[in-house]
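Q: So that we are looking at the same thing, I have put the structure below in structure tokens.
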2 protein chains.
Amino acid sequence: MDAPRLARLIDAAEGRVPCDAIVKDVRYLDVFTCTWRQGDLAIHDGHLVGLEPGLSGRRVFEGRSRAVVPGFCDAHVHLESSPLTPRHFQRAVLGRGTTTAICDPHELANVIGVPGIRYFLDAAGSMALNLRVMLSSCVPATDFETNGGGTIDAAALTGLMHHPKALGLAEMMNVPGVLHADPAVLAKLAAFSGRRIDGHCPLVRGRDLSAYAAAGISSCHESSELEEAREKLTKGIAVWIREGSVAKDLRALAPLLTMATSTSIGFCTDDRNPLDIAREGHIDWLVRSAIGLGVAPEIAYRSASFSVARHYGLARRGAIAPGYVGDLVLLDDAETCAISEVLVGGVPVGELDLDGAHDGGEARNTVRAQMPEAHDLEGPKGSVHVIEVRAGRILTDRAVMAHDAEGVARLSVLERYGHGQKPANAYVRGFGKSMRGAIASSVGHDSHNLIVVGTNPDDMRTALGALIASSGGFCVVQGGTVWAHLPLPIGGLMSPDEPAVVARALEDLHRASHHIGCELPEPFLQLAFLSLPVIPSLKLTDRGLMDVDAFQLIDVRAA
Amino acid sequence: MDAPRLARLIDAAEGRVPCDAIVKDVRYLDVFTCTWRQGDLAIHDGHLVGLEPGLSGRRVFEGRSRAVVPGFCDAHVHLESSPLTPRHFQRAVLGRGTTTAICDPHELANVIGVPGIRYFLDAAGSMALNLRVMLSSCVPATDFETNGGGTIDAAALTGLMHHPKALGLAEMMNVPGVLHADPAVLAKLAAFSGRRIDGHCPLVRGRDLSAYAAAGISSCHESSELEEAREKLTKGIAVWIREGSVAKDLRALAPLLTMATSTSIGFCTDDRNPLDIAREGHIDWLVRSAIGLGVAPEIAYRSASFSVARHYGLARRGAIAPGYVGDLVLLDDAETCAISEVLVGGVPVGELDLDGAHDGGEARNTVRAQMPEAHDLEGPKGSVHVIEVRAGRILTDRAVMAHDAEGVARLSVLERYGHGQKPANAYVRGFGKSMRGAIASSVGHDSHNLIVVGTNPDDMRTALGALIASSGGFCVVQGGTVWAHLPLPIGGLMSPDEPAVVARALEDLHRASHHIGCELPEPFLQLAFLSLPVIPSLKLTDRGLMDVDAFQLIDVRAA
């Protein structure tokens, strides 16, 4: 903050000039003492400058019976999963009270490399949402798949770390690399020593967790069990409680959130689609649910704002106090997190220019897959390893059975970065015994090759063809007809359209997928994780069937 | 932290190599959840690497019935006031459990300028104590006195801010400068925007406090009243509770320290002499006293360590968790903060090399005062303004009375930076009605000219002569004899001697001062604040009598 702006804030605080706005006679949350107080919130030049009555404002928001809390902070989110562009993402979440988001551009970085990170760094500069970027630490995620972004090494990350929107190193998913002191991994951790390093260590405990913490990793959003999260806290790893569209951890972890732990616990969404944002909410959903599960409102609101801002060193965010940015959530009811109005820098969301952030043309046209023949999509026959999908879980089970047993569908992953590879073919069960047709996605963690599940090669080809034609997307096919299709031309991950348009398209896709017999409530999100070779136990990448437990590729044929 | 060291920590955490040390089967404080836990604390290469049993150590500390808490952090201290050099200061406090100190070299900076700050930055590099430096913001403190360090402006401070031991901008004492948006002050605040900026705002409330907070100032150690401190917390200003040798605020502020506020409250000593450190303690004294006043031990210990470390962004300090520096305080009894042993990076204090830090020869020979004649020490006669000293307070009262009224003594300040000025003379009451002789000091906040209180010019001359001969110090004179004398040749502020030697000399000085009739328990500390023109209400600088309330120099003669 420069001196002239400091002078403006001081002059306004002292009453020498009228403030831009006053939220008058309102109950507000003091996050430092976790107490509700009554006051007049004076805002000038985007910042709070006073808490007591007496200052005048050019504009007055009547407090009425409302309560005010600091704008929410999403501690960890992949914007690509929304699947909205930054400017449309902010349109979806600002009204939900999320005014700060810590993002990891891991997906786009896997598709196009460093420019994928720069895309979000640049977008952050022209957004109303306070978007901060953790630099993607694991591109590629493993050596068992083909990505478009190549390898982003410590040197490349160091070149980005001083960008004003860069905060630190994003989720270190390569847990084995850390625990075995892999030099390339340690080079990244060492480069970001003294900055924040996010973790990703589901179910890691004991000595392994100690080693992981000793490496300087200080947060994790992957806890799903209470004792797991408790151990992380004790070991200095802040716990970000996640409610994504698939992974939902709040119910299990809410008992951990108390006054004592509240400054080390925050909320995040990780991967959350606009349907869920529209229906349930964003961070407000976590706050509301936490309170419903017995967390005191002032503790829930503190974790939703101050705790995360403080963790990431955002000194002027996450509190209602002079000098803090005037990101405020006005609530009709604090107990139910019923949002009345959201101010960003003291300005109502409805009055903000949300079209400033650019749309990233450089990330278009990234799908360069070669259309396979029908016979290329035939897997081995007989006794095969089958991936078993469980609704709402990204971990899979595994089984050995006949390739044509009941409920077993074909699964193929097609490399899409112009190497002309043939698809890798395997089998999956759990999409639905009566499913007929194909469902395909260009979102396939973490390399985002094309992934298609189906019951016959023709529908699978049609689906892949639709995705290639639209430079990425989601689609549902049956009998040669594309029943629903959401193009995702930006990196094969994101739509250029508005949240409402995307939400409607997702509804169409859901409806179509259920129409063709798919039983999973979120088939696209689950499909997207079927190629992620770091989550147990059996996955399919463009190079073949991955036994994550053994950490190697295996033959689809059972021995 | 570099990659090889990270690898060593990870290997030790995983049990692939034996650890350096284990504190076995001990109760330790988890500051993240504010809970006592039982475990084996494994330390390797200076850092904690494990909390559970099972790792082996080359050395074992038996936990027995002891409890372990993180090393204490002094949130704000002027080392010069100890008056020990950095290496001897650590000798005095490490055994008391203080393993981190955030210092402000304000005194030495006033004497010799930027080299005074560099002295502490350099010393920090070779100390066992984790010394961090806030860069002195107010040199000179005012335009009403002559210092040796000249003006340290924003450009000079910016030149130091990237030193690895520099944390931010030290206490911004120029409250009027902030509130009136003085350009030179704002230039400093703007330069340190995004870094931590410490405050100094005794009794500032309401709009003024809001304006001060809006300027980005985020801590204050000058609260003496509960409601004052409560308001600071609410306005985002962390409260450092101080127990110095003169200023003692714990009793008033302890009720504010709860689980909710504990991460925004810390402890500091500001100015504390080695006698008090030896007799009562250092930060351990604050912990012990806070518990005695009803604060839960786990809250007191959290505030004494984690809260301050986190505030200043010391990511690997202030907690017992893997990756954190092995600065541990072993307690025989947590309730009374009875210290059994202190480990610094896992090594007992007694085994540390504490002689590494250099002694700062460059700061010697800074007293270049011209010896005054006896008649130069004569003030005006008749009805005069008299400074009224109150035991244990740095604020003074004021009165108008005859220059030779009962209990009134002479007070002179002699510029000592080679400008050849004549002394400024005035009157003071409160040292003792039956005092005969003189007490002199080269410690005289903030410009550290020579200050002498006495009952006759001859003894005052003798005292000044002794200080000039020793290049600074404290002395007590009566009847032409120097009864006690502690040379402070480093900047006229610090002794090169060991804490025990300095403590003994201070005892001698106290005894001698009482022997000549001084009634104040801490005459030197109080004398040192009689020239500080920013603390109300009447002070004497080398330029004359300062009416702090009117913020101008006034005639000693009463109108």
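Each chain in the structure tokens gets a letter, A, B, ..., in the order shown, and its residues are numbered from 1; ligands are numbered from 1 in order too.
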Provide as an NGL selection string the residues of chain B at most 7 Å from chain A, counting only C-alpha atoms.

A: :B and (1-3 or 6-7 or 9-10 or 13-14 or 30 or 32-34 or 49-50 or 179 or 181 or 186-187 or 190 or 193 or 207-208 or 210-211 or 213-216 or 233-236 or 259-261 or 264 or 321-323)

Q: Which residues, written as a PyMOL selection string, have at least one atom at most 9 Å from Glu522 in chain B, with only C-alpha atoms counted and residues fewer than 6 positions away on the same chain left out?

A: chain B and resi 245-246+391-392+510

Q: Considering only C-alpha atoms, return as a VMD selection string whatever protein or nucleic-acid residues lie within 6 Å of range 113-127 of chain B, sequence-local ones (same chain, fewer than 6 positions apart) excluded.

A: chain B and resid 105 149 165 356 to 357

Q: In terms of the shortest atom-to-atom distance over only C-alpha atoms, which of B:Gln38, B:Thr269, B:Thr142, B:Ser137 is closest to His76 in chain B?

A: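 Looking at the shortest contact to His76 in chain B, the residue is B:Thr269.
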
Q: When DSSP works through the backbone of this structure, what residues of range 282-411 of chain A end up as helix (DSSP H, G or I), shown as a short mmCIF file (atom, residue, chain, number, x, y, z; two decimals) with C-alpha atoms, in the first residue's frame?

A:
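The new file part_11.cif reads:
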data_model
loop_
_atom_site.label_atom_id
_atom_site.label_comp_id
_atom_site.auth_asym_id
_atom_site.auth_seq_id
_atom_site.Cartn_x
_atom_site.Cartn_y
_atom_site.Cartn_z
CA ILE A 283 -17.78 -21.72 1.69
CA ASP A 284 -21.13 -20.54 3.08
CA TRP A 285 -22.26 -24.15 2.72
CA LEU A 286 -19.42 -25.27 4.98
CA VAL A 287 -20.18 -22.56 7.54
CA ARG A 288 -23.88 -23.36 7.56
CA SER A 289 -23.26 -27.09 7.80
CA ALA A 290 -20.63 -26.70 10.52
CA ILE A 291 -23.02 -24.67 12.64
CA GLY A 292 -25.67 -27.29 11.97
CA PRO A 297 -21.11 -19.67 14.79
CA GLU A 298 -18.29 -17.32 15.81
CA ILE A 299 -15.82 -20.19 15.59
CA ALA A 300 -17.12 -21.29 12.20
CA TYR A 301 -16.92 -17.76 10.82
CA ARG A 302 -13.41 -17.27 12.22
CA SER A 303 -12.22 -20.44 10.50
CA PHE A 306 -9.28 -15.08 9.56
CA SER A 307 -7.68 -18.47 10.13
CA VAL A 308 -6.94 -19.04 6.47
CA ALA A 309 -5.94 -15.46 5.73
CA ARG A 310 -3.52 -15.50 8.64
CA HIS A 311 -2.07 -18.84 7.60
CA VAL A 349 -21.23 -7.47 -5.54
CA GLY A 350 -24.00 -6.46 -7.94
CA GLU A 351 -22.21 -3.20 -8.70
CA GLY A 361 -7.40 -17.53 -25.35
CA GLU A 362 -3.88 -18.94 -25.10
CA ALA A 363 -5.29 -22.02 -23.43
CA ALA A 374 -13.52 -49.09 -33.22
CA HIS A 375 -11.14 -52.03 -32.86
CA ASP A 376 -8.61 -49.77 -31.07
CA LEU A 377 -11.13 -49.59 -28.23
#

Q: If you count only C-alpha atoms, which residues fall within 12 Å of Val367 in chain B, apart from same-chain ones fewer than 6 positions away, as a PyMOL selection string?

A: chain B and resi 111-112+147-148+414-420+441-443+447-450+464-473+487-493

Q: With N, CA and C atoms retained, export the selected residues as a compact mmCIF listing (two decimals), in the first residue's frame.

A:
# COMPACT_ATOMS: atom_id res chain seq x y z
N VAL B 111 22.21 6.39 18.83
CA VAL B 111 23.57 6.81 19.17
C VAL B 111 24.47 6.84 17.94
N ILE B 112 24.39 5.77 17.10
CA ILE B 112 25.33 5.71 15.97
C ILE B 112 24.65 5.50 14.62
N ASN B 147 20.79 13.77 18.79
CA ASN B 147 21.27 12.40 18.88
C ASN B 147 22.54 12.26 18.05
N GLY B 148 23.15 11.10 18.12
CA GLY B 148 24.36 10.87 17.35
C GLY B 148 24.10 10.14 16.06
N LEU B 414 23.45 16.69 29.31
CA LEU B 414 24.61 17.18 28.58
C LEU B 414 24.73 16.45 27.25
N GLU B 415 24.60 17.22 26.17
CA GLU B 415 24.77 16.67 24.80
C GLU B 415 26.13 15.99 24.74
N ARG B 416 26.19 14.81 24.14
CA ARG B 416 27.45 14.06 24.20
C ARG B 416 27.93 13.58 22.84
N TYR B 417 27.52 14.28 21.80
CA TYR B 417 27.93 13.84 20.45
C TYR B 417 28.93 14.77 19.79
N GLY B 418 29.66 15.54 20.64
CA GLY B 418 30.77 16.32 20.10
C GLY B 418 30.40 17.68 19.54
N HIS B 419 29.18 18.13 19.85
CA HIS B 419 28.79 19.46 19.37
C HIS B 419 29.23 20.56 20.35
N GLY B 420 29.74 20.16 21.51
CA GLY B 420 30.25 21.12 22.48
C GLY B 420 29.19 21.99 23.13
N SER B 441 23.83 9.03 34.30
CA SER B 441 23.62 7.93 33.35
C SER B 441 23.89 8.41 31.92
N SER B 442 24.49 7.53 31.13
CA SER B 442 24.60 7.83 29.70
C SER B 442 23.45 7.19 28.93
N VAL B 443 22.60 6.48 29.66
CA VAL B 443 21.38 5.95 29.06
C VAL B 443 20.29 6.98 29.34
N SER B 447 17.79 9.81 22.94
CA SER B 447 19.02 10.25 22.27
C SER B 447 20.27 9.90 23.07
N HIS B 448 20.06 9.51 24.31
CA HIS B 448 21.16 9.03 25.13
C HIS B 448 22.28 10.04 25.30
N ASN B 449 21.86 11.26 25.59
CA ASN B 449 22.82 12.23 26.09
C ASN B 449 23.06 11.90 27.55
N LEU B 450 24.01 12.61 28.16
CA LEU B 450 24.31 12.31 29.57
C LEU B 450 23.28 13.03 30.44
N LEU B 464 29.55 13.26 35.88
CA LEU B 464 29.67 13.40 34.42
C LEU B 464 31.09 13.03 33.98
N GLY B 465 32.06 13.45 34.76
CA GLY B 465 33.46 13.15 34.44
C GLY B 465 33.70 11.65 34.41
N ALA B 466 33.12 10.94 35.38
CA ALA B 466 33.29 9.49 35.42
C ALA B 466 32.69 8.83 34.18
N LEU B 467 31.52 9.32 33.77
CA LEU B 467 30.86 8.74 32.59
C LEU B 467 31.65 9.04 31.32
N ILE B 468 32.18 10.26 31.23
CA ILE B 468 32.97 10.61 30.04
C ILE B 468 34.22 9.73 29.99
N ALA B 469 34.84 9.51 31.14
CA ALA B 469 36.07 8.71 31.20
C ALA B 469 35.82 7.25 30.79
N SER B 470 34.63 6.71 31.13
CA SER B 470 34.36 5.31 30.82
C SER B 470 33.56 5.15 29.52
N SER B 471 33.44 6.25 28.79
CA SER B 471 32.69 6.23 27.53
C SER B 471 31.26 5.77 27.75
N GLY B 472 30.69 6.21 28.86
CA GLY B 472 29.31 5.87 29.17
C GLY B 472 29.20 4.99 30.39
N GLY B 473 28.01 4.99 30.99
CA GLY B 473 27.80 4.13 32.14
C GLY B 473 26.79 4.72 33.11
N PRO B 487 30.71 0.91 33.97
CA PRO B 487 31.01 1.43 32.62
C PRO B 487 30.12 0.75 31.57
N LEU B 488 29.65 1.54 30.62
CA LEU B 488 28.85 1.01 29.51
C LEU B 488 29.49 1.52 28.22
N PRO B 489 30.65 1.00 27.88
CA PRO B 489 31.42 1.60 26.79
C PRO B 489 30.85 1.33 25.40
N ILE B 490 29.95 0.37 25.27
CA ILE B 490 29.40 0.08 23.94
C ILE B 490 28.19 0.97 23.70
N GLY B 491 28.43 2.00 22.93
CA GLY B 491 27.38 2.97 22.64
C GLY B 491 26.98 3.81 23.84
N GLY B 492 27.73 3.69 24.94
CA GLY B 492 27.28 4.36 26.17
C GLY B 492 26.05 3.68 26.73
N LEU B 493 25.77 2.48 26.25
CA LEU B 493 24.53 1.79 26.60
C LEU B 493 24.75 0.40 27.18

Q: Near Leu293 in chain A, within 9 Å and counting only C-alpha atoms, which residues show up once chain neighbours fewer than 6 positions away are dropped, as a PyMOL selection string?

A: chain A and resi 250-251+254-255

Q: With distances taken over only C-alpha atoms, which of A:Val342, A:Ile451, A:Val239, A:Ala503 is nearest to Ala369 in chain A?

A: A:Ile451

Q: If you run DSSP on this backbone, which residues of range 331-539 of chain B come out as strand (DSSP E), and could you give them as a PyMOL selection string?

A: chain B and resi 331-333+338-344+347-348+383-388+397-402+408-414+424-429+438-441+450-454+473-478+481-487+538-539

Q: For range 24-26 of chain A, work out the shell of residues within 7 Å, counting only C-alpha atoms and skipping chain neighbours fewer than 5 positions away, then give it as JSON, numbers by chain.

A: {"A": [38, 39, 40, 41, 60, 61, 62, 63, 64, 66, 67]}

Q: I need the residue nearest Val534 in chain A from this list: A:Gly159, A:Gly57, A:Pro164, A:Pro202. Use only C-alpha atoms for the distance.

A: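 Checking each of A:Gly159, A:Gly57, A:Pro164, A:Pro202 against Val534 in chain A, counting only C-alpha atoms, the winner is A:Pro202.
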
Q: Got a sec: who's within 10 Å of Arg504 in chain A, counting only C-alpha atoms, leaving out chain neighbours fewer than 4 positions off, as a VMD selection string?

A: chain A and resid 274 to 275 486 499 to 500 508 to 510

Q: For Ala409 in chain B, which of B:Val23, B:Cys518, B:Lys422, B:Pro348 is the closest residue, counting only C-alpha atoms?

A: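 Among the listed residues, B:Cys518 lies closest to Ala409 in chain B.
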